[in-house]
file data_17.csv (CSV, C-alpha atoms and all ligand atoms)
chain,number,residue,atom,x,y,z
V,20,MET,CA,33.0,-21.4,50.3
V,21,PRO,CA,31.7,-19.3,47.5
V,22,LEU,CA,31.0,-15.6,48.1
V,23,ALA,CA,27.7,-13.7,47.4
V,24,ALA,CA,26.9,-10.0,47.8
V,25,PHE,CA,23.6,-9.8,49.7
V,26,LEU,CA,21.5,-6.6,49.8
V,27,THR,CA,20.4,-6.8,53.4
V,28,ALA,CA,18.8,-3.4,53.7
V,29,PRO,CA,18.5,-0.4,51.4
V,30,GLY,CA,22.0,1.0,50.8
V,31,THR,CA,23.7,-2.0,52.5
V,32,ILE,CA,25.6,-4.8,50.8
V,33,GLU,CA,27.0,-7.6,53.0
V,34,LEU,CA,29.5,-10.0,51.4
V,35,ARG,CA,28.8,-13.4,52.8
V,36,GLN,CA,30.1,-16.9,52.3
V,37,ARG,CA,27.4,-19.5,51.6
V,38,ASP,CA,27.4,-23.2,50.9
V,39,PRO,CA,28.2,-24.3,47.3
V,40,LEU,CA,24.9,-24.3,45.3
V,41,THR,CA,23.4,-27.6,44.2
V,42,PRO,CA,21.0,-27.7,41.3
V,43,LYS,CA,17.6,-29.2,41.6
V,44,ALA,CA,15.9,-30.9,38.7
V,45,HIS,CA,15.9,-28.7,35.5
V,46,GLU,CA,18.4,-26.3,37.1
V,47,VAL,CA,22.1,-25.5,36.5
V,48,VAL,CA,24.8,-23.8,38.5
V,49,ILE,CA,26.8,-21.2,36.8
V,50,ALA,CA,30.2,-19.9,37.9
V,51,VAL,CA,29.6,-16.2,37.2
V,52,GLU,CA,32.4,-14.4,35.4
V,53,HIS,CA,30.9,-10.9,35.1
V,54,ALA,CA,27.7,-9.3,36.1
V,55,GLY,CA,26.5,-5.8,35.1
V,56,VAL,CA,24.8,-3.2,37.3
V,57,CYS,CA,21.6,-1.8,35.8
V,58,GLY,CA,19.0,0.8,36.8
V,59,THR,CA,16.9,-1.9,38.4
V,60,ASP,CA,19.7,-2.9,40.7
V,61,LEU,CA,20.1,0.8,41.7
V,62,ALA,CA,16.4,1.0,42.4
V,63,LEU,CA,16.6,-2.1,44.6
V,64,PHE,CA,19.7,-0.7,46.3
V,65,SER,CA,18.1,2.7,47.0
V,66,GLY,CA,14.9,1.1,48.3
V,67,ASN,CA,12.7,2.8,45.6
V,68,TYR,CA,11.9,-0.7,44.3
V,69,THR,CA,11.0,-2.8,47.4
V,70,VAL,CA,11.4,-6.5,47.5
V,71,PRO,CA,11.8,-9.0,50.4
V,72,LEU,CA,15.5,-8.8,51.6
V,73,PRO,CA,18.1,-10.2,51.9
V,74,LEU,CA,18.5,-10.6,48.2
V,75,VAL,CA,21.5,-11.2,45.9
V,76,CYS,CA,20.9,-8.8,43.1
V,77,GLY,CA,22.4,-9.0,39.6
V,78,HIS,CA,20.6,-10.3,36.5
V,79,GLU,CA,22.9,-9.2,33.6
V,80,PHE,CA,25.6,-11.8,33.7
V,81,ALA,CA,27.7,-14.3,31.9
V,82,GLY,CA,29.6,-17.3,33.1
V,83,THR,CA,30.2,-21.0,32.7
V,84,VAL,CA,27.9,-23.9,33.6
V,85,THR,CA,29.5,-26.1,36.3
V,86,LEU,CA,26.8,-28.4,37.5
V,87,THR,CA,23.6,-29.7,36.0
V,88,GLY,CA,20.5,-31.0,37.8
V,89,GLU,CA,18.4,-34.0,37.0
V,90,GLY,CA,16.8,-33.9,33.6
V,91,VAL,CA,19.4,-31.4,32.2
V,92,ASN,CA,21.5,-32.4,29.2
V,93,LYS,CA,25.0,-32.7,30.6
V,94,THR,CA,26.5,-31.2,27.5
V,95,TRP,CA,25.7,-27.8,29.1
V,96,ARG,CA,28.6,-28.3,31.5
V,97,GLY,CA,31.6,-26.2,30.6
V,98,LYS,CA,29.6,-24.0,28.2
V,99,ARG,CA,29.8,-20.2,28.4
V,100,VAL,CA,26.3,-18.9,28.9
V,101,THR,CA,24.1,-16.0,29.8
V,102,ALA,CA,20.5,-16.4,31.0
V,103,GLU,CA,17.1,-14.8,30.6
V,104,ILE,CA,15.9,-13.4,33.9
V,105,ASN,CA,12.3,-14.7,34.0
V,106,ASN,CA,12.1,-18.2,35.6
V,107,THR,CA,8.8,-19.3,34.1
V,108,CYS,CA,6.7,-22.5,34.0
V,109,ILE,CA,8.3,-23.1,30.5
V,110,ALA,CA,11.9,-22.4,31.6
V,111,CYS,CA,11.3,-24.6,34.7
V,112,ASN,CA,9.6,-27.4,32.8
V,113,HIS,CA,6.5,-27.1,35.0
V,114,PRO,CA,4.1,-30.0,34.4
V,115,SER,CA,1.0,-27.7,34.3
V,116,PRO,CA,1.9,-24.3,33.0
V,117,CYS,CA,0.0,-21.2,34.2
V,118,ALA,CA,-2.5,-19.3,32.0
V,119,ALA,CA,0.1,-16.8,30.8
V,120,CYS,CA,2.5,-19.4,29.8
V,121,ARG,CA,-0.2,-21.4,28.0
V,122,LYS,CA,-1.1,-18.2,26.1
V,123,GLY,CA,2.4,-17.9,24.9
V,124,MET,CA,3.4,-15.1,27.2
V,125,PRO,CA,6.0,-16.7,29.4
V,126,HIS,CA,7.6,-13.3,30.3
V,127,HIS,CA,4.3,-12.7,32.1
V,128,CYS,CA,4.3,-16.1,33.8
V,129,GLN,CA,2.1,-16.0,36.9
V,130,ARG,CA,4.4,-18.2,38.9
V,131,ARG,CA,7.6,-16.6,37.7
V,132,THR,CA,10.5,-15.6,39.9
V,133,VAL,CA,13.0,-13.1,38.4
V,134,THR,CA,16.7,-13.8,38.8
V,135,GLY,CA,18.3,-11.1,41.0
V,136,ILE,CA,15.0,-9.2,41.4
V,137,ILE,CA,12.0,-11.2,42.6
V,138,SER,CA,12.4,-14.2,44.9
V,139,HIS,CA,15.5,-15.6,43.2
V,140,HIS,CA,19.1,-14.8,44.2
V,141,GLY,CA,21.1,-13.3,41.4
V,142,ALA,CA,24.5,-13.0,40.0
V,143,PHE,CA,26.4,-10.6,42.2
V,144,ALA,CA,28.0,-13.8,43.5
V,145,GLU,CA,30.6,-16.4,42.5
V,146,GLU,CA,27.7,-18.8,41.7
V,147,VAL,CA,24.2,-18.5,40.5
V,148,ILE,CA,21.5,-21.1,40.0
V,149,VAL,CA,19.0,-20.8,37.2
V,150,PRO,CA,16.5,-23.1,35.3
V,151,VAL,CA,18.1,-24.6,32.2
V,152,GLY,CA,15.3,-23.2,30.1
V,153,THR,CA,16.7,-19.7,30.6
V,154,LEU,CA,20.1,-20.4,29.2
V,155,HIS,CA,21.7,-19.1,26.0
V,156,GLU,CA,25.1,-20.1,24.9
V,157,VAL,CA,27.4,-17.1,24.3
V,158,PRO,CA,29.1,-17.4,20.9
V,159,GLU,CA,32.8,-18.0,21.2
V,160,MET,CA,33.8,-14.7,19.6
V,161,VAL,CA,31.9,-12.6,22.1
V,162,ASP,CA,34.0,-11.2,24.9
V,163,PRO,CA,32.5,-12.5,28.2
V,164,LEU,CA,32.6,-8.9,29.6
V,165,VAL,CA,30.5,-7.6,26.7
V,166,ALA,CA,28.2,-10.6,27.0
V,167,THR,CA,26.8,-8.9,30.2
V,168,LEU,CA,25.1,-6.5,27.8
V,169,THR,CA,22.9,-9.3,26.3
V,170,GLU,CA,20.0,-8.7,28.7
V,171,PRO,CA,19.8,-4.9,28.4
V,172,LEU,CA,20.3,-5.2,24.6
V,173,ALA,CA,17.4,-7.6,24.5
V,174,ALA,CA,15.3,-5.2,26.5
V,175,ALA,CA,16.2,-2.5,24.0
V,176,LEU,CA,15.2,-4.7,21.2
V,177,GLN,CA,11.9,-5.4,22.9
V,178,THR,CA,10.9,-1.7,22.5
V,179,PHE,CA,10.6,-2.3,18.8
V,180,VAL,CA,9.0,-5.8,19.2
V,181,MET,CA,6.1,-4.1,21.1
V,182,THR,CA,6.0,-0.9,19.0
V,183,PRO,CA,5.5,-1.2,15.3
V,184,TYR,CA,7.7,1.1,13.2
V,185,GLU,CA,8.6,1.8,9.6
V,186,LYS,CA,12.1,2.5,8.3
V,187,GLY,CA,12.9,6.2,8.2
V,188,GLU,CA,10.4,7.1,10.9
V,189,THR,CA,11.5,9.5,13.7
V,190,VAL,CA,12.1,8.0,17.1
V,191,VAL,CA,13.0,10.2,20.1
V,192,VAL,CA,14.9,8.6,22.9
V,193,LEU,CA,14.5,10.5,26.2
V,194,GLY,CA,17.4,9.6,28.5
V,195,PRO,CA,20.1,8.0,26.5
V,196,GLY,CA,21.7,6.4,29.6
V,197,ARG,CA,22.6,2.8,30.4
V,198,LEU,CA,19.5,1.4,28.7
V,199,GLY,CA,18.6,4.4,26.5
V,200,ILE,CA,21.9,4.4,24.6
V,201,LEU,CA,21.3,0.7,23.6
V,202,ILE,CA,17.9,1.8,22.4
V,203,VAL,CA,19.5,4.6,20.3
V,204,PHE,CA,21.9,2.0,18.9
V,205,VAL,CA,19.2,-0.6,18.1
V,206,ALA,CA,16.9,2.0,16.6
V,207,ALA,CA,19.6,3.3,14.3
V,208,LEU,CA,20.4,-0.3,13.2
V,209,LYS,CA,16.8,-0.7,12.3
V,210,GLY,CA,17.0,2.3,10.0
V,211,LEU,CA,15.0,4.8,12.1
V,212,ASN,CA,15.9,8.4,12.4
V,213,VAL,CA,17.0,8.8,16.0
V,214,ILE,CA,16.9,12.0,18.0
V,215,ALA,CA,18.3,11.8,21.6
V,216,VAL,CA,17.3,14.1,24.4
V,217,SER,CA,19.5,14.5,27.5
V,218,ARG,CA,20.6,17.2,30.0
V,219,SER,CA,24.1,15.7,29.8
V,220,GLU,CA,26.5,17.0,27.1
V,221,THR,CA,28.5,13.8,27.4
V,222,LYS,CA,25.4,11.6,26.9
V,223,ARG,CA,24.3,13.8,23.9
V,224,GLN,CA,27.7,13.4,22.3
V,225,ARG,CA,27.7,9.7,22.9
V,226,ALA,CA,24.2,9.3,21.5
V,227,LEU,CA,25.5,10.9,18.2
V,228,GLN,CA,28.4,8.4,18.2
V,229,PHE,CA,25.9,5.5,18.7
V,230,GLY,CA,23.6,6.4,15.7
V,231,ALA,CA,21.5,9.4,16.7
V,232,SER,CA,21.2,12.0,13.9
V,233,GLU,CA,20.5,14.8,16.4
V,234,ALA,CA,20.8,15.3,20.2
V,235,TRP,CA,19.2,18.1,22.2
V,236,LYS,CA,18.8,19.3,25.7
V,237,PRO,CA,15.3,18.8,27.2
V,238,GLU,CA,14.4,22.5,26.9
V,239,GLU,CA,15.4,22.6,23.2
V,240,ALA,CA,13.8,19.3,22.3
V,241,GLU,CA,10.2,20.4,21.6
V,242,ILE,CA,11.1,23.1,19.1
V,243,ARG,CA,13.8,21.0,17.4
V,244,ILE,CA,11.6,18.0,17.0
V,245,GLN,CA,8.8,20.2,15.6
V,246,GLU,CA,11.3,21.4,13.0
V,247,ALA,CA,12.4,17.9,12.2
V,248,THR,CA,8.9,16.6,11.7
V,249,GLU,CA,7.1,19.5,9.9
V,250,GLY,CA,5.4,20.5,13.1
V,251,LEU,CA,3.8,17.1,13.6
V,252,GLY,CA,5.9,15.5,16.4
V,253,ALA,CA,7.9,12.2,16.6
V,254,ASP,CA,6.4,8.9,15.4
V,255,ILE,CA,7.7,7.2,18.5
V,256,VAL,CA,9.0,8.6,21.8
V,257,VAL,CA,10.9,6.2,24.0
V,258,GLU,CA,10.9,7.2,27.7
V,259,ALA,CA,14.0,5.9,29.3
V,260,THR,CA,14.8,8.7,31.8
V,261,GLY,CA,14.6,6.5,34.9
V,262,THR,CA,12.1,8.9,36.5
V,263,PRO,CA,8.3,8.8,36.5
V,264,ASP,CA,8.2,12.4,35.1
V,265,GLY,CA,9.7,11.5,31.7
V,266,ILE,CA,6.2,10.7,30.4
V,267,TYR,CA,5.1,14.4,30.5
V,268,GLN,CA,7.8,15.4,28.0
V,269,ALA,CA,7.2,12.3,25.9
V,270,LEU,CA,3.5,13.3,25.5
V,271,LYS,CA,4.6,16.7,24.3
V,272,LEU,CA,6.9,15.3,21.7
V,273,VAL,CA,4.9,12.5,20.2
V,274,ARG,CA,2.8,13.1,17.0
V,275,PRO,CA,-1.0,12.4,16.9
V,276,ARG,CA,-1.5,8.6,16.6
V,277,GLY,CA,2.2,8.1,17.6
V,278,THR,CA,3.4,5.8,20.3
V,279,VAL,CA,5.0,6.6,23.7
V,280,SER,CA,7.1,3.6,24.6
V,281,LEU,CA,7.9,3.4,28.3
V,282,LYS,CA,11.0,1.7,29.6
V,283,THR,CA,11.5,3.3,33.0
V,284,THR,CA,11.1,0.8,35.9
V,285,CYS,CA,12.1,3.1,38.8
V,286,GLY,CA,9.6,1.6,41.2
V,287,GLN,CA,7.9,4.9,41.7
V,288,THR,CA,4.4,6.0,40.6
V,289,GLY,CA,3.7,9.2,38.7
V,290,GLY,CA,0.5,11.2,38.5
V,291,GLY,CA,-0.7,14.3,36.6
V,292,VAL,CA,-0.7,12.9,33.1
V,293,ASP,CA,-2.6,15.1,30.6
V,294,TRP,CA,-5.2,12.4,29.7
V,295,THR,CA,-7.1,14.8,27.5
V,296,ARG,CA,-4.1,15.4,25.2
V,297,LEU,CA,-3.6,11.7,25.1
V,298,VAL,CA,-7.2,11.1,24.1
V,299,VAL,CA,-7.4,14.0,21.6
V,300,ASN,CA,-4.1,13.0,19.9
V,301,GLU,CA,-5.1,9.3,19.9
V,302,VAL,CA,-1.7,8.4,21.4
V,303,CYS,CA,-0.7,4.9,22.1
V,304,ILE,CA,1.2,4.2,25.4
V,305,GLN,CA,3.2,1.0,25.2
V,306,GLY,CA,5.3,-0.5,28.0
V,307,SER,CA,7.9,-3.1,27.2
V,308,ARG,CA,10.3,-5.1,29.3
V,309,CYS,CA,12.4,-8.2,28.6
V,310,GLY,CA,13.4,-9.1,25.1
V,311,PRO,CA,14.8,-11.7,22.8
V,312,PHE,CA,18.3,-13.0,23.6
V,313,GLU,CA,19.3,-14.6,20.4
V,314,PRO,CA,19.0,-11.4,18.2
V,315,ALA,CA,20.8,-9.6,21.0
V,316,LEU,CA,23.7,-12.1,21.0
V,317,ASN,CA,23.9,-11.8,17.2
V,318,ILE,CA,24.2,-8.0,17.5
V,319,LEU,CA,26.9,-8.4,20.1
V,320,ALA,CA,28.8,-10.8,17.9
V,321,GLU,CA,28.8,-8.3,15.1
V,322,HIS,CA,29.2,-5.0,17.0
V,323,GLN,CA,31.0,-5.8,20.3
V,324,ASP,CA,33.8,-3.5,19.5
V,325,ARG,CA,31.4,-0.5,19.2
V,326,LEU,CA,29.5,-1.6,22.4
V,327,ARG,CA,32.5,-2.4,24.6
V,328,PRO,CA,33.2,1.3,25.5
V,329,LEU,CA,29.8,1.5,27.2
V,330,ILE,CA,31.3,-0.5,30.0
V,331,THR,CA,33.1,2.2,32.0
V,332,SER,CA,34.4,0.4,34.9
V,333,VAL,CA,35.0,-3.2,36.1
V,334,LEU,CA,35.2,-3.8,39.9
V,335,PRO,CA,35.8,-7.0,41.9
V,336,LEU,CA,32.9,-8.7,43.8
V,337,ASN,CA,34.1,-7.4,47.1
V,338,GLU,CA,33.5,-3.9,45.9
V,339,THR,CA,29.8,-4.4,45.2
V,340,GLN,CA,28.8,-1.8,47.7
V,341,THR,CA,31.0,0.8,45.9
V,342,ALA,CA,29.8,-0.4,42.5
V,343,LEU,CA,26.2,0.3,43.5
V,344,GLU,CA,27.0,3.6,45.1
V,345,THR,CA,28.9,4.9,42.1
V,346,ALA,CA,27.0,3.4,39.2
V,347,THR,CA,24.4,6.2,39.3
V,348,HIS,CA,27.1,8.5,37.9
V,349,GLU,CA,28.6,6.1,35.5
V,350,ASP,CA,27.4,4.3,32.3
V,351,LYS,CA,27.9,0.7,32.9
V,352,VAL,CA,29.7,-0.8,35.9
V,353,VAL,CA,30.4,-4.5,35.7
V,354,LEU,CA,31.5,-6.8,38.6
V,355,ARG,CA,34.2,-9.3,37.9
V,356,MET,CA,33.9,-12.4,40.1
V,357,GLN,CA,37.3,-14.3,39.8
V,401,ZN,ZN,18.8,-4.9,33.9
V,402,ZN,ZN,3.8,-19.7,33.9

call {"tool": "encode", "arguments": {"input": "data_17.csv", "output": "structure tokens", "more": "lines below"}}
Ligand SMILES: [Zn+2]
Ligand SMILES: [Zn+2]
result
Amino acid sequence: MPLAAFLTAPGTIELRQRDPLTPKAHEVVIAVEHAGVCGTDLALFSGNYTVPLPLVCGHEFAGTVTLTGEGVNKTWRGKRVTAEINNTCIACNHPSPCAACRKGMPHHCQRRTVTGIISHHGAFAEEVIVPVGTLHEVPEMVDPLVATLTEPLAAALQTFVMTPYEKGETVVVLGPGRLGILIVFVAALKGLNVIAVSRSETKRQRALQFGASEAWKPEEAEIRIQEATEGLGADIVVEATGTPDGIYQALKLVRPRGTVSLKTTCGQTGGGVDWTRLVVNEVCIQGSRCGPFEPALNILAEHQDRLRPLITSVLPLNETQTALETATHEDKVVLRMQ
């Protein structure tokens, strides 16, 4: 019987056998090969992000389609795929889509479940079931291990879908960690001048390798960014620190009429924002979440050798508990199923 790692209580993973999954109409079963651990998984594991338990976490994965439900083209069987995480009316082929889906915002689907996060078991398991509308074929040349970066890379790209930019503008990335480093990489590819800010010397060095022109400690950042921008501040500040406090520093670093782009989903609320500064400087605050998979897969196909070193350890499924306990101190931990 196939194994799945259930989060049964904050801090507790139980490896359980369960019946083989059978797809309903418009669904497929995927034999998972690899699944990455991300900040959201850590927030679920710590209990900062509360959802009904037990839950099989894991939403950054790649594997092979083994079974197809009714209404699914059988040619999907045997294909190497990854999947978007939002199970929307569109992805599920719902006969009467909700208002958000009808407005062309399926990521905000009012009926959605989210694989490995909200009301849908995820990929820290030998098998996962998803709607066929979420699937993307992984190009043959992409290493299946690296393919687990598709979802976070898409989320990094979404930063610049939601926030308009011009080539050569200065973007500051606060917290070049698991997701932040992908934002540094994507921003540099787009021709932006990237400045990374991190307490960690290792992360600052890595940000420079991944396309940042400068990297500073938080206490140095304000003066250095002033110098780099003729005293004006950064055009865009991306907050990816993973804590609700990152926004305070972001507001100090952004220029008037600039944008603070928020990526942290730590499940905690923050208070004490200087709203006056925000109003006086006419600052735009922009959240962004899930992004486009096809451009992410294209970037992986072209740059996988540069991105592969971001995966710092690979552990078997039966070490999911360890993976979630240690991932906080690592870049990217990936679980390998078979
Ligand atoms: Zn994620
Ligand atoms: Zn919908």

call {"tool": "residues_around", "arguments": {"input": "data_17.csv", "residues": "Val205 of chain V", "least_positions_apart": "6", "cutoff": "10 Å", "atoms": "all atoms listed in the file", "output": "list in words"}}
result
Leu172, Ala173, Ala175, Leu176, Gln177, Thr178, Phe179, Gly199, Leu211, Val213, Phe229, Gly230, Ala315 and Ile318 of chain V

call {"tool": "atom_distance", "arguments": {"input": "data_17.csv", "atom1": "atom CA of Glu156 of chain V", "atom2": "atom CA of Leu168 of chain V"}}
result
13.9 Å

call {"tool": "residues_around", "arguments": {"input": "data_17.csv", "residues": "Thr284 of chain V", "least_positions_apart": "6", "cutoff": "9 Å", "atoms": "all atoms listed in the file", "output": "PyMOL selection string"}}
result
chain V and resi 58-59+62+68+259+261-263+308

call {"tool": "residues_near_point", "arguments": {"input": "data_17.csv", "point": "(32.6, -20.9, 39.7)", "cutoff": "10 Å", "atoms": "only C-alpha atoms", "output": "VMD selection string"}}
result
chain V and resid 21 39 48 to 52 82 to 86 144 to 147 356 to 357

call {"tool": "atom_distance", "arguments": {"input": "data_17.csv", "atom1": "atom CA of Leu343 of chain V", "atom2": "atom CA of Cys76 of chain V"}}
result
10.5 Å
